[in-house]
>>> print(open('work33.txt').read())   # compact mmCIF, C-alpha atoms
# COMPACT_ATOMS: atom_id res chain seq x y z
CA MET X 44 29.79 -26.79 9.82
CA PRO X 45 26.40 -25.01 9.52
CA HIS X 46 24.94 -23.28 12.55
CA THR X 47 21.51 -24.06 14.00
CA PRO X 48 19.15 -21.12 14.65
CA SER X 49 18.82 -20.56 18.38
CA PRO X 50 15.43 -20.15 20.04
CA GLU X 51 17.06 -17.33 21.99
CA THR X 52 17.75 -15.28 18.84
CA ARG X 53 16.09 -11.89 19.31
CA ILE X 54 14.17 -10.93 16.18
CA VAL X 55 12.47 -7.53 16.20
CA VAL X 56 9.92 -6.56 13.55
CA ILE X 57 9.06 -2.87 13.30
CA GLY X 58 5.51 -2.55 12.01
CA GLY X 59 2.37 -4.56 12.63
CA GLY X 60 0.65 -4.18 9.27
CA ASN X 61 0.45 -6.67 6.42
CA ALA X 62 4.24 -6.90 5.95
CA GLY X 63 5.14 -6.96 9.64
CA LEU X 64 2.69 -9.65 10.70
CA SER X 65 3.26 -11.74 7.57
CA ILE X 66 6.98 -11.99 8.20
CA ALA X 67 6.60 -12.28 11.99
CA GLY X 68 4.32 -15.28 11.54
CA ARG X 69 6.70 -16.93 9.09
CA LEU X 70 9.74 -16.43 11.29
CA HIS X 71 7.95 -17.79 14.35
CA ASN X 72 6.59 -20.78 12.41
CA ALA X 73 10.13 -21.53 11.23
CA ARG X 74 11.34 -21.42 14.86
CA LEU X 75 14.10 -18.97 14.07
CA GLY X 76 13.94 -17.19 17.43
CA ASN X 77 11.88 -15.02 19.74
CA VAL X 78 9.88 -12.63 17.55
CA THR X 79 8.66 -9.24 18.81
CA VAL X 80 6.46 -6.91 16.75
CA VAL X 81 6.59 -3.19 17.55
CA GLU X 82 3.29 -1.56 16.58
CA PRO X 83 1.49 1.36 18.29
CA ARG X 84 -1.97 1.00 16.72
CA GLU X 85 -4.71 -0.93 18.51
CA GLN X 86 -6.73 -1.50 15.34
CA HIS X 87 -5.57 -3.41 12.28
CA VAL X 88 -7.07 -2.34 8.94
CA TYR X 89 -7.18 -4.46 5.78
CA ALA X 90 -6.31 -1.55 3.48
CA PRO X 91 -7.55 -3.00 0.14
CA LEU X 92 -11.13 -2.98 1.44
CA GLN X 93 -11.00 0.79 1.94
CA SER X 94 -11.53 1.23 -1.80
CA HIS X 95 -14.64 -0.92 -1.61
CA ILE X 96 -15.83 1.01 1.44
CA ALA X 97 -15.36 4.33 -0.38
CA GLY X 98 -17.10 2.92 -3.44
CA GLY X 99 -20.02 1.56 -1.44
CA THR X 100 -19.43 -2.16 -1.94
CA ALA X 101 -18.17 -3.08 1.55
CA ARG X 102 -18.88 -2.20 5.16
CA ALA X 103 -16.18 -0.61 7.29
CA SER X 104 -16.59 -3.29 9.95
CA ARG X 105 -15.27 -5.87 7.47
CA ALA X 106 -11.94 -4.08 7.20
CA VAL X 107 -11.09 -3.68 10.90
CA ARG X 108 -10.02 -6.05 13.66
CA ARG X 109 -8.33 -5.56 17.02
CA GLN X 110 -4.56 -5.66 16.67
CA ALA X 111 -4.39 -8.05 19.60
CA ASP X 112 -6.58 -10.51 17.69
CA VAL X 113 -4.38 -10.63 14.57
CA ILE X 114 -0.94 -10.98 16.14
CA PRO X 115 0.34 -14.43 15.07
CA PRO X 116 0.25 -16.98 17.91
CA GLY X 117 3.58 -17.15 19.70
CA VAL X 118 4.66 -13.66 18.58
CA ARG X 119 5.07 -10.95 21.21
CA TRP X 120 3.35 -7.61 20.55
CA LEU X 121 4.97 -4.49 22.02
CA ARG X 122 2.50 -1.61 21.78
CA ASP X 123 5.03 1.13 21.13
CA GLU X 124 6.60 2.98 18.22
CA ALA X 125 10.13 3.14 16.85
CA PHE X 126 11.83 6.48 17.39
CA THR X 127 15.20 5.58 15.92
CA VAL X 128 17.47 2.60 15.32
CA ASP X 129 21.14 2.31 16.24
CA PRO X 130 22.31 -0.38 13.80
CA ALA X 131 25.86 -0.41 15.19
CA ALA X 132 24.57 -1.25 18.69
CA ARG X 133 21.71 -3.37 17.28
CA ARG X 134 19.18 -1.43 19.31
CA VAL X 135 15.74 0.10 18.66
CA HIS X 136 14.92 3.24 20.63
CA LEU X 137 11.20 3.61 21.29
CA VAL X 138 8.93 6.64 21.45
CA SER X 139 8.07 5.66 25.04
CA GLY X 140 11.71 6.14 25.99
CA GLY X 141 12.44 2.44 26.23
CA ARG X 142 14.81 0.43 24.07
CA LEU X 143 14.80 -2.96 22.47
CA ASP X 144 17.96 -4.89 21.60
CA TYR X 145 17.96 -7.29 18.67
CA ASP X 146 20.04 -9.90 16.89
CA GLN X 147 18.07 -9.52 13.65
CA LEU X 148 15.87 -6.56 12.72
CA VAL X 149 13.10 -6.49 10.11
CA VAL X 150 11.77 -3.08 9.12
CA ALA X 151 8.19 -3.27 7.88
CA ALA X 152 7.13 0.26 8.71
CA GLY X 153 5.16 1.02 5.55
CA LEU X 154 4.78 4.48 4.04
CA ARG X 155 3.60 7.68 5.69
CA LEU X 156 0.71 9.63 4.16
CA ALA X 157 2.19 13.11 3.67
CA TRP X 158 -1.03 15.14 3.58
CA GLU X 159 0.92 18.23 4.56
CA ALA X 160 3.02 18.05 1.38
CA ILE X 161 0.18 19.68 -0.58
CA PRO X 162 -0.82 23.13 0.75
CA GLY X 163 -4.47 23.17 1.74
CA LEU X 164 -5.07 19.44 1.38
CA PRO X 165 -5.34 18.63 5.12
CA GLU X 166 -7.92 21.40 5.54
CA ALA X 167 -9.87 20.20 2.50
CA MET X 168 -10.19 16.73 3.99
CA THR X 169 -11.93 18.15 7.07
CA GLN X 170 -14.74 19.54 4.91
CA PRO X 171 -17.88 17.54 4.00
CA GLU X 172 -16.80 17.26 0.38
CA GLY X 173 -13.24 16.04 1.12
CA VAL X 174 -12.85 12.24 0.96
CA SER X 175 -10.25 9.55 0.33
CA ASN X 176 -9.90 5.77 0.19
CA TYR X 177 -6.49 5.96 1.92
CA ASP X 178 -7.92 6.67 5.36
CA LEU X 179 -10.65 4.56 6.96
CA ASP X 180 -12.71 7.48 8.30
CA LEU X 181 -12.45 9.34 5.00
CA ALA X 182 -13.41 6.17 3.12
CA VAL X 183 -16.54 5.84 5.26
CA LYS X 184 -17.36 9.47 4.49
CA ALA X 185 -16.73 8.85 0.79
CA SER X 186 -19.24 6.03 0.72
CA THR X 187 -22.11 8.36 1.66
CA VAL X 188 -20.92 11.39 -0.30
CA LEU X 189 -20.42 9.49 -3.57
CA ARG X 190 -23.59 7.43 -3.12
CA ASP X 191 -25.82 10.46 -2.62
CA LEU X 192 -24.35 12.71 -5.33
CA ARG X 193 -26.65 13.41 -8.27
CA ARG X 194 -24.95 16.29 -10.10
CA GLY X 195 -21.80 18.41 -9.97
CA THR X 196 -18.05 17.93 -10.44
CA VAL X 197 -16.04 15.21 -8.75
CA VAL X 198 -12.24 15.27 -8.93
CA PHE X 199 -10.21 12.15 -8.18
CA THR X 200 -6.44 12.45 -7.72
CA GLN X 201 -3.68 9.86 -7.83
CA PRO X 202 -0.31 10.48 -6.14
CA PRO X 203 3.05 10.16 -7.86
CA GLU X 204 5.26 7.20 -7.09
CA PRO X 205 6.33 6.07 -4.59
CA ALA X 206 2.90 5.25 -3.22
CA SER X 207 1.38 2.25 -1.53
CA CYS X 208 -0.62 0.70 -4.36
CA GLY X 209 -0.98 4.22 -5.76
CA ALA X 210 -3.24 3.18 -8.63
CA ALA X 211 -5.83 2.12 -6.03
CA ALA X 212 -6.83 5.80 -6.12
CA GLN X 213 -8.74 4.95 -9.30
CA LYS X 214 -10.88 2.20 -7.78
CA PRO X 215 -13.54 4.36 -6.05
CA LEU X 216 -13.88 6.35 -9.28
CA TYR X 217 -14.90 3.25 -11.25
CA LEU X 218 -17.21 2.02 -8.49
CA ALA X 219 -18.91 5.43 -8.21
CA CYS X 220 -19.29 5.84 -11.97
CA ASP X 221 -20.90 2.42 -12.25
CA TRP X 222 -23.31 3.37 -9.46
CA TRP X 223 -24.19 6.72 -11.07
CA ARG X 224 -24.69 5.05 -14.44
CA ALA X 225 -27.09 2.53 -12.86
CA LEU X 226 -29.06 5.44 -11.35
CA GLY X 227 -29.12 7.26 -14.70
CA VAL X 228 -27.29 10.35 -13.39
CA LEU X 229 -23.77 9.80 -14.77
CA ASP X 230 -24.36 12.31 -17.58
CA ASP X 231 -25.14 14.98 -14.95
CA ILE X 232 -21.84 14.46 -13.13
CA ARG X 233 -18.51 15.71 -14.42
CA VAL X 234 -15.80 13.27 -13.39
CA VAL X 235 -12.16 14.36 -13.59
CA LEU X 236 -9.17 12.12 -12.89
CA VAL X 237 -5.76 13.69 -12.24
CA LEU X 238 -2.94 11.27 -13.03
CA PRO X 239 0.81 11.85 -12.51
CA ASP X 240 1.78 9.75 -15.55
CA PRO X 241 1.02 9.89 -19.30
CA VAL X 242 -0.92 6.60 -19.11
CA PRO X 243 -3.41 5.12 -16.61
CA PHE X 244 -0.95 2.53 -15.29
CA GLY X 245 2.14 1.85 -17.39
CA ILE X 246 1.61 -1.70 -18.70
CA PRO X 247 0.19 -1.76 -22.26
CA ASP X 248 -2.39 -4.54 -21.74
CA ILE X 249 -3.69 -2.88 -18.59
CA ASP X 250 -3.67 0.59 -20.13
CA ARG X 251 -5.82 -0.58 -23.04
CA GLU X 252 -8.43 -1.94 -20.66
CA LEU X 253 -8.40 1.14 -18.45
CA HIS X 254 -8.58 3.52 -21.43
CA ARG X 255 -11.67 1.65 -22.60
CA VAL X 256 -13.28 1.82 -19.14
CA LEU X 257 -12.47 5.51 -18.64
CA ASP X 258 -13.87 6.39 -22.06
CA GLY X 259 -16.98 4.34 -21.37
CA TYR X 260 -17.69 6.33 -18.20
CA GLY X 261 -16.88 9.64 -19.92
CA VAL X 262 -14.11 10.51 -17.47
CA GLU X 263 -11.97 13.57 -18.23
CA VAL X 264 -8.37 12.57 -17.58
CA ARG X 265 -5.60 15.05 -16.90
CA TYR X 266 -2.47 13.06 -17.68
CA SER X 267 1.03 13.97 -16.43
CA ARG X 268 -0.39 16.33 -13.83
CA GLU X 269 0.14 16.56 -10.08
CA VAL X 270 -1.82 18.42 -7.43
CA ARG X 271 0.02 21.56 -6.31
CA SER X 272 -2.43 23.13 -3.88
CA VAL X 273 -6.03 22.99 -2.69
CA ASP X 274 -8.29 25.81 -1.52
CA ALA X 275 -11.04 24.33 0.63
CA THR X 276 -12.88 27.68 0.92
CA SER X 277 -13.35 28.14 -2.83
CA ARG X 278 -13.39 24.37 -3.45
CA THR X 279 -10.67 24.54 -6.08
CA LEU X 280 -7.39 22.75 -6.66
CA THR X 281 -4.41 23.69 -8.78
CA ILE X 282 -2.78 20.99 -10.87
CA GLY X 283 0.23 21.32 -13.08
CA HIS X 284 3.22 20.02 -14.97
CA GLY X 285 6.24 22.28 -15.33
CA ASP X 286 5.02 25.80 -16.11
CA ASP X 287 1.60 24.55 -17.21
CA GLU X 288 -1.05 25.03 -14.50
CA GLU X 289 -4.82 24.57 -14.37
CA THR X 290 -7.37 25.32 -11.66
CA LEU X 291 -10.26 22.91 -11.23
CA SER X 292 -13.43 23.56 -9.26
CA TYR X 293 -15.03 20.66 -7.42
CA ASP X 294 -18.14 19.70 -5.54
CA VAL X 295 -16.41 16.56 -4.23
CA LEU X 296 -12.67 15.98 -3.96
CA HIS X 297 -11.41 12.42 -3.62
CA ALA X 298 -7.70 12.88 -2.94
CA VAL X 299 -4.77 10.59 -2.22
CA PRO X 300 -1.73 12.37 -0.74
CA PRO X 301 1.95 11.95 -1.61
CA GLN X 302 3.72 9.29 0.44
CA ARG X 303 7.18 8.68 1.83
CA ALA X 304 8.97 6.37 4.22
CA PRO X 305 8.87 7.32 7.93
CA GLU X 306 11.58 9.91 8.62
CA TRP X 307 13.26 7.87 11.37
CA ILE X 308 14.50 5.38 8.75
CA ALA X 309 16.77 7.94 7.10
CA GLY X 310 17.57 9.44 10.51
CA SER X 311 18.83 6.03 11.64
CA GLY X 312 21.18 5.71 8.68
CA LEU X 313 19.15 2.84 7.18
CA ALA X 314 18.34 4.70 3.95
CA ASP X 315 20.61 5.51 1.04
CA PRO X 316 21.66 9.15 1.61
CA ASP X 317 20.83 9.88 -2.04
CA ASP X 318 17.30 8.48 -1.79
CA PRO X 319 14.87 11.42 -1.40
CA HIS X 320 12.10 9.10 -0.23
CA GLY X 321 14.03 7.52 2.64
CA PHE X 322 13.44 3.83 1.90
CA VAL X 323 15.39 1.13 3.73
CA ASP X 324 18.45 0.46 1.58
CA VAL X 325 18.21 -3.29 1.00
CA ASP X 326 19.36 -5.49 -1.83
CA PRO X 327 16.13 -5.58 -3.90
CA GLU X 328 16.49 -9.33 -4.48
CA THR X 329 17.67 -10.71 -1.12
CA LEU X 330 15.98 -7.98 1.03
CA GLN X 331 19.08 -7.82 3.26
CA HIS X 332 20.46 -4.38 4.09
CA ARG X 333 23.41 -3.38 1.93
CA ARG X 334 25.53 -2.16 4.88
CA PHE X 335 24.05 -3.84 7.96
CA PRO X 336 23.70 -7.61 7.39
CA ASP X 337 21.48 -8.11 10.46
CA VAL X 338 18.89 -5.63 9.12
CA TRP X 339 16.18 -6.62 6.63
CA SER X 340 13.15 -4.94 5.15
CA LEU X 341 10.04 -5.73 3.12
CA GLY X 342 6.80 -4.08 2.13
CA ASP X 343 6.27 -0.42 1.28
CA SER X 344 9.26 0.90 3.26
CA ALA X 345 11.81 -1.29 1.44
CA ARG X 346 13.70 -0.08 -1.61
CA VAL X 347 12.97 -3.01 -3.92
CA ALA X 348 12.64 -1.32 -7.34
CA THR X 349 9.01 -2.25 -7.99
CA ARG X 350 5.60 -0.70 -7.42
CA PRO X 351 4.62 -1.13 -3.75
CA SER X 352 1.46 -3.16 -3.19
CA GLY X 353 -0.06 -5.48 -0.63
CA GLY X 354 0.21 -8.33 -3.12
CA ALA X 355 3.98 -7.85 -3.38
CA ILE X 356 4.43 -8.64 0.30
CA ARG X 357 3.68 -12.37 0.12
CA PRO X 358 6.61 -13.29 -2.18
CA GLN X 359 8.86 -10.87 -0.31
CA ALA X 360 8.05 -12.53 3.02
CA LYS X 361 8.87 -15.96 1.59
CA VAL X 362 12.24 -14.76 0.28
CA LEU X 363 13.14 -12.87 3.45
CA ALA X 364 12.31 -15.81 5.71
CA LYS X 365 14.43 -18.18 3.62
CA ASN X 366 17.37 -15.79 3.56
CA LEU X 367 17.24 -14.96 7.26
CA ARG X 368 17.18 -18.67 8.03
CA ALA X 369 20.22 -19.15 5.80
CA VAL X 370 22.14 -16.35 7.52
CA LEU X 371 21.34 -17.74 10.97
CA ARG X 372 22.78 -21.06 9.80
CA GLY X 373 25.96 -19.37 8.63
CA ALA X 374 25.15 -19.54 4.92
CA ALA X 375 24.73 -16.87 2.26
CA PRO X 376 21.24 -15.61 1.37
CA ARG X 377 20.37 -17.21 -1.97
CA ALA X 378 16.61 -16.75 -2.37
CA ARG X 379 15.67 -13.97 -4.80
CA TYR X 380 12.67 -11.65 -5.05
CA ASP X 381 11.90 -10.87 -8.69
CA GLY X 382 9.86 -7.73 -8.09
CA TYR X 383 6.42 -9.34 -8.43
CA SER X 384 3.58 -6.97 -7.62
CA VAL X 385 -0.14 -6.92 -8.27
CA VAL X 386 -2.88 -4.30 -8.53
CA PRO X 387 -6.54 -5.32 -8.97
CA PHE X 388 -8.58 -2.53 -10.58
CA THR X 389 -12.25 -2.72 -9.60
CA VAL X 390 -13.57 -1.19 -12.84
CA SER X 391 -17.25 -1.78 -12.01
CA ARG X 392 -19.32 -3.04 -9.09
CA GLY X 393 -18.84 -6.60 -10.31
CA THR X 394 -15.69 -6.82 -12.45
CA VAL X 395 -11.93 -6.41 -11.99
CA VAL X 396 -8.91 -5.88 -14.23
CA PHE X 397 -6.04 -7.79 -12.63
CA ALA X 398 -2.51 -6.40 -13.14
CA GLU X 399 0.36 -8.75 -12.21
CA PHE X 400 3.90 -7.77 -13.17
CA ASP X 401 7.58 -7.87 -12.21
CA ARG X 402 9.94 -4.98 -11.52
CA ARG X 403 10.52 -4.49 -15.27
CA GLY X 404 6.81 -4.06 -15.88
CA LYS X 405 6.59 -7.42 -17.64
CA PRO X 406 3.30 -9.31 -17.07
CA GLN X 407 3.75 -12.10 -14.54
CA PRO X 408 0.47 -13.97 -14.04
CA THR X 409 0.42 -16.29 -11.05
CA VAL X 410 -1.59 -18.72 -13.19
CA PRO X 411 0.79 -19.02 -16.19
CA PHE X 412 -1.77 -20.43 -18.63
CA TRP X 413 -4.39 -17.78 -17.75
CA ARG X 414 -2.89 -14.63 -19.23
CA SER X 415 -6.23 -12.94 -19.84
CA LEU X 416 -6.59 -11.91 -16.18
CA SER X 417 -5.58 -8.45 -17.42
CA ARG X 418 -9.02 -8.22 -19.06
CA GLU X 419 -12.15 -7.17 -17.23
CA ARG X 420 -13.63 -10.23 -15.53
CA ARG X 421 -16.28 -11.18 -13.00
CA SER X 422 -14.19 -14.04 -11.59
CA THR X 423 -11.42 -11.71 -10.44
CA TRP X 424 -14.02 -9.55 -8.64
CA ILE X 425 -15.01 -12.56 -6.57
CA ALA X 426 -11.35 -13.21 -5.75
CA ASP X 427 -10.64 -9.57 -4.85
CA ARG X 428 -13.81 -8.91 -2.85
CA ARG X 429 -14.53 -12.28 -1.23
CA ILE X 430 -11.62 -14.72 -1.31
CA LEU X 431 -8.59 -12.50 -0.67
CA PRO X 432 -9.96 -10.86 2.52
CA TRP X 433 -10.54 -14.31 4.05
CA VAL X 434 -7.06 -15.45 3.02
CA TYR X 435 -5.62 -12.26 4.51
CA TRP X 436 -7.20 -12.59 7.94
CA HIS X 437 -6.81 -16.35 8.32
CA LEU X 438 -3.61 -17.24 6.47
CA ILE X 439 -1.44 -14.29 5.38
CA LEU X 440 -1.27 -12.57 8.76
CA ARG X 441 -0.32 -15.87 10.38
CA GLY X 442 2.55 -16.43 7.96
CA ARG X 443 0.85 -19.39 6.31
CA ALA X 444 0.19 -18.07 2.81
>>> encode(input="work33.txt", output="structure tokens")
Amino acid sequence: MPHTPSPETRIVVIGGGNAGLSIAGRLHNARLGNVTVVEPREQHVYAPLQSHIAGGTARASRAVRRQADVIPPGVRWLRDEAFTVDPAARRVHLVSGGRLDYDQLVVAAGLRLAWEAIPGLPEAMTQPEGVSNYDLDLAVKASTVLRDLRRGTVVFTQPPEPASCGAAAQKPLYLACDWWRALGVLDDIRVVLVLPDPVPFGIPDIDRELHRVLDGYGVEVRYSREVRSVDATSRTLTIGHGDDEETLSYDVLHAVPPQRAPEWIAGSGLADPDDPHGFVDVDPETLQHRRFPDVWSLGDSARVATRPSGGAIRPQAKVLAKNLRAVLRGAAPRARYDGYSVVPFTVSRGTVVFAEFDRRGKPQPTVPFWRSLSRERRSTWIADRRILPWVYWHLILRGRA
């Protein structure tokens, strides 16, 4: 006979970002138990808007709200941070020294920006010419620096996978180039893009569009190259592939660092020992841990064999909520996540190329009869810049979308 979820079931969610609040809201709305979110930050940032902030098409105030104001109603917020997890004892040890016992654990801890992984990069970001769209303060700085530039060399870098929506590193480049072209100074600015892969994205339809856009702006692209070091004093960076190295000088450096899962995940035994990035070792379809059935994960910290993105979280949250409900009722988890992810490329200050795909890289448009979303369009700009932020704040974070 099936069980009934108990309101006394202790559900702990580690992480209060997009993934953590999305799933916390869903689990509370489904009345699966008492839900607690562990999150140390007092401010919640809508990360996709950071690209628009850096590119000068959004204000920073639009991307930030108090964490207390976005916690889903009925969900408890514990302002603390996970130090380690003891999955055998079903216990979370906190940085404050406290502990939190659970019946079901959801890890939604995201990825850590590993600035220190590239020698000289942290120091370069403290200089006036060092900017990034992956940090709110650096995105605000980028907005002014890119807006006011009239000549010189600007280098944009994209990190290797895994990265949280790594291709978003390209968005401020397109927004800045469109701005410089409108001012008539684009020909006086050398724009260099350093990409870790041999193509702009990896899906043929999207690559064709991005190649066209990059050529139109006159961007020099260094394919299959990664940043090896930065010298903030001489304003140079070294990029390379194998034994092939090149040193680039810059007047502005827009950099995105390598990323990895928080170290405590592997330290808690929740990662596959052979995974160098330390992701939570879940079944990529059910999102249930392979060895600890009362542990789940979604978002950037979960090993789900697809490109991490904010848009991937919504289908993951739906699947995880259904499967956790099934387990609490004594049934097997049957819902499946197909690897859907999405990356909107803001290729001008009014158009977007929309990439939707599954874990095999096959296009997967959410509107099946509208397959041309992969082409540059004004309508997708409106969705990305206006509609999606409203949906995020009012529906997604409350587990209702």
>>> residues_around(input="work33.txt", residues="Gly140 (chain X)", least_positions_apart="5", cutoff="10 Å", atoms="only C-alpha atoms", output="list in words")
Asp123, Glu124, Ala125 and Phe126 of chain X
>>> residues_near_point(input="work33.txt", point="(-14.9, -11.8, -2.5)", cutoff="12 Å", atoms="all atoms listed in the file", output="list in words")
Pro91, Leu92, His95, Thr100, Ala101, Arg105, Thr389, Arg392, Gly393, Thr394, Val395, Arg421, Ser422, Thr423, Trp424, Ile425, Ala426, Asp427, Arg428, Arg429, Ile430, Leu431, Pro432, Trp433, Val434 and Tyr435 of chain X
>>> write_last_selection(input="work33.txt", atoms="C-alpha atoms", output="mmCIF file, in the coordinates of the input")
data_model
loop_
_atom_site.group_PDB
_atom_site.id
_atom_site.type_symbol
_atom_site.label_atom_id
_atom_site.label_comp_id
_atom_site.auth_asym_id
_atom_site.auth_seq_id
_atom_site.Cartn_x
_atom_site.Cartn_y
_atom_site.Cartn_z
ATOM 1 C CA PRO X 91 -7.550 -3.000 0.140
ATOM 2 C CA LEU X 92 -11.130 -2.980 1.440
ATOM 3 C CA HIS X 95 -14.640 -0.920 -1.610
ATOM 4 C CA THR X 100 -19.430 -2.160 -1.940
ATOM 5 C CA ALA X 101 -18.170 -3.080 1.550
ATOM 6 C CA ARG X 105 -15.270 -5.870 7.470
ATOM 7 C CA THR X 389 -12.250 -2.720 -9.600
ATOM 8 C CA ARG X 392 -19.320 -3.040 -9.090
ATOM 9 C CA GLY X 393 -18.840 -6.600 -10.310
ATOM 10 C CA THR X 394 -15.690 -6.820 -12.450
ATOM 11 C CA VAL X 395 -11.930 -6.410 -11.990
ATOM 12 C CA ARG X 421 -16.280 -11.180 -13.000
ATOM 13 C CA SER X 422 -14.190 -14.040 -11.590
ATOM 14 C CA THR X 423 -11.420 -11.710 -10.440
ATOM 15 C CA TRP X 424 -14.020 -9.550 -8.640
ATOM 16 C CA ILE X 425 -15.010 -12.560 -6.570
ATOM 17 C CA ALA X 426 -11.350 -13.210 -5.750
ATOM 18 C CA ASP X 427 -10.640 -9.570 -4.850
ATOM 19 C CA ARG X 428 -13.810 -8.910 -2.850
ATOM 20 C CA ARG X 429 -14.530 -12.280 -1.230
ATOM 21 C CA ILE X 430 -11.620 -14.720 -1.310
ATOM 22 C CA LEU X 431 -8.590 -12.500 -0.670
ATOM 23 C CA PRO X 432 -9.960 -10.860 2.520
ATOM 24 C CA TRP X 433 -10.540 -14.310 4.050
ATOM 25 C CA VAL X 434 -7.060 -15.450 3.020
ATOM 26 C CA TYR X 435 -5.620 -12.260 4.510
#
>>> closest_residue(input="work33.txt", among="X:Asp258, X:Glu85, X:Asp248, X:Asp294", to="Cys220 (chain X)", atoms="all atoms listed in the file")
X:Asp258
>>> residues_around(input="work33.txt", residues="Arg346 (chain X)", least_positions_apart="3", cutoff="6 Å", atoms="only C-alpha atoms", output="PyMOL selection string")
chain X and resi 322-324
>>> residues_around(input="work33.txt", residues="Pro241 (chain X)", least_positions_apart="6", cutoff="10 Å", atoms="all atoms listed in the file", output="PyMOL selection string")
chain X and resi 264-268
>>> residues_near_point(input="work33.txt", point="(-1.6, -5.7, -2.4)", cutoff="10 Å", atoms="all atoms listed in the file", output="PyMOL selection string")
chain X and resi 61+89-91+207-208+211+342+351-357+384-387+431
>>> closest_residue(input="work33.txt", among="X:Ser104, X:Thr127, X:Ser175, X:Ser186", to="Ser139 (chain X)", atoms="all atoms listed in the file")
X:Thr127
>>> atom_distance(input="work33.txt", atom1="CA of Leu216 (chain X)", atom2="CA of Ser292 (chain X)")
17.2 Å
>>> closest_residue(input="work33.txt", among="X:Tyr380, X:Tyr217, X:Phe244, X:Trp307", to="Glu204 (chain X)", atoms="all atoms listed in the file")
X:Phe244
>>> closest_residue(input="work33.txt", among="X:Val270, X:Val325, X:Leu253, X:Ala151", to="Thr200 (chain X)", atoms="only C-alpha atoms")
X:Val270
>>> atom_distance(input="work33.txt", atom1="CA of Leu164 (chain X)", atom2="CA of Ser311 (chain X)")
29.3 Å
>>> atom_distance(input="work33.txt", atom1="CA of Asp287 (chain X)", atom2="CA of Ile246 (chain X)")
26.3 Å
>>> closest_residue(input="work33.txt", among="X:Ile114, X:Pro205, X:Asp274, X:Gly99", to="Asp343 (chain X)", atoms="all atoms listed in the file")
X:Pro205
>>> closest_residue(input="work33.txt", among="X:Ile96, X:Ala304, X:Ala167, X:Asp112", to="Leu179 (chain X)", atoms="all atoms listed in the file")
X:Ile96
>>> residues_around(input="work33.txt", residues="Ala206 (chain X)", least_positions_apart="3", cutoff="7 Å", atoms="all atoms listed in the file", output="short mmCIF file (atom, residue, chain, number, x, y, z; two decimals) with C-alpha atoms, in the frame of the given file")
data_model
loop_
_atom_site.label_atom_id
_atom_site.label_comp_id
_atom_site.auth_asym_id
_atom_site.auth_seq_id
_atom_site.Cartn_x
_atom_site.Cartn_y
_atom_site.Cartn_z
CA PRO X 202 -0.31 10.48 -6.14
CA PRO X 203 3.05 10.16 -7.86
CA GLY X 209 -0.98 4.22 -5.76
CA PRO X 301 1.95 11.95 -1.61
CA GLN X 302 3.72 9.29 0.44
CA PRO X 351 4.62 -1.13 -3.75
#
>>> residues_around(input="work33.txt", residues="Asp337 (chain X)", least_positions_apart="5", cutoff="8 Å", atoms="only C-alpha atoms", output="PyMOL selection string")
chain X and resi 146-148+331-332
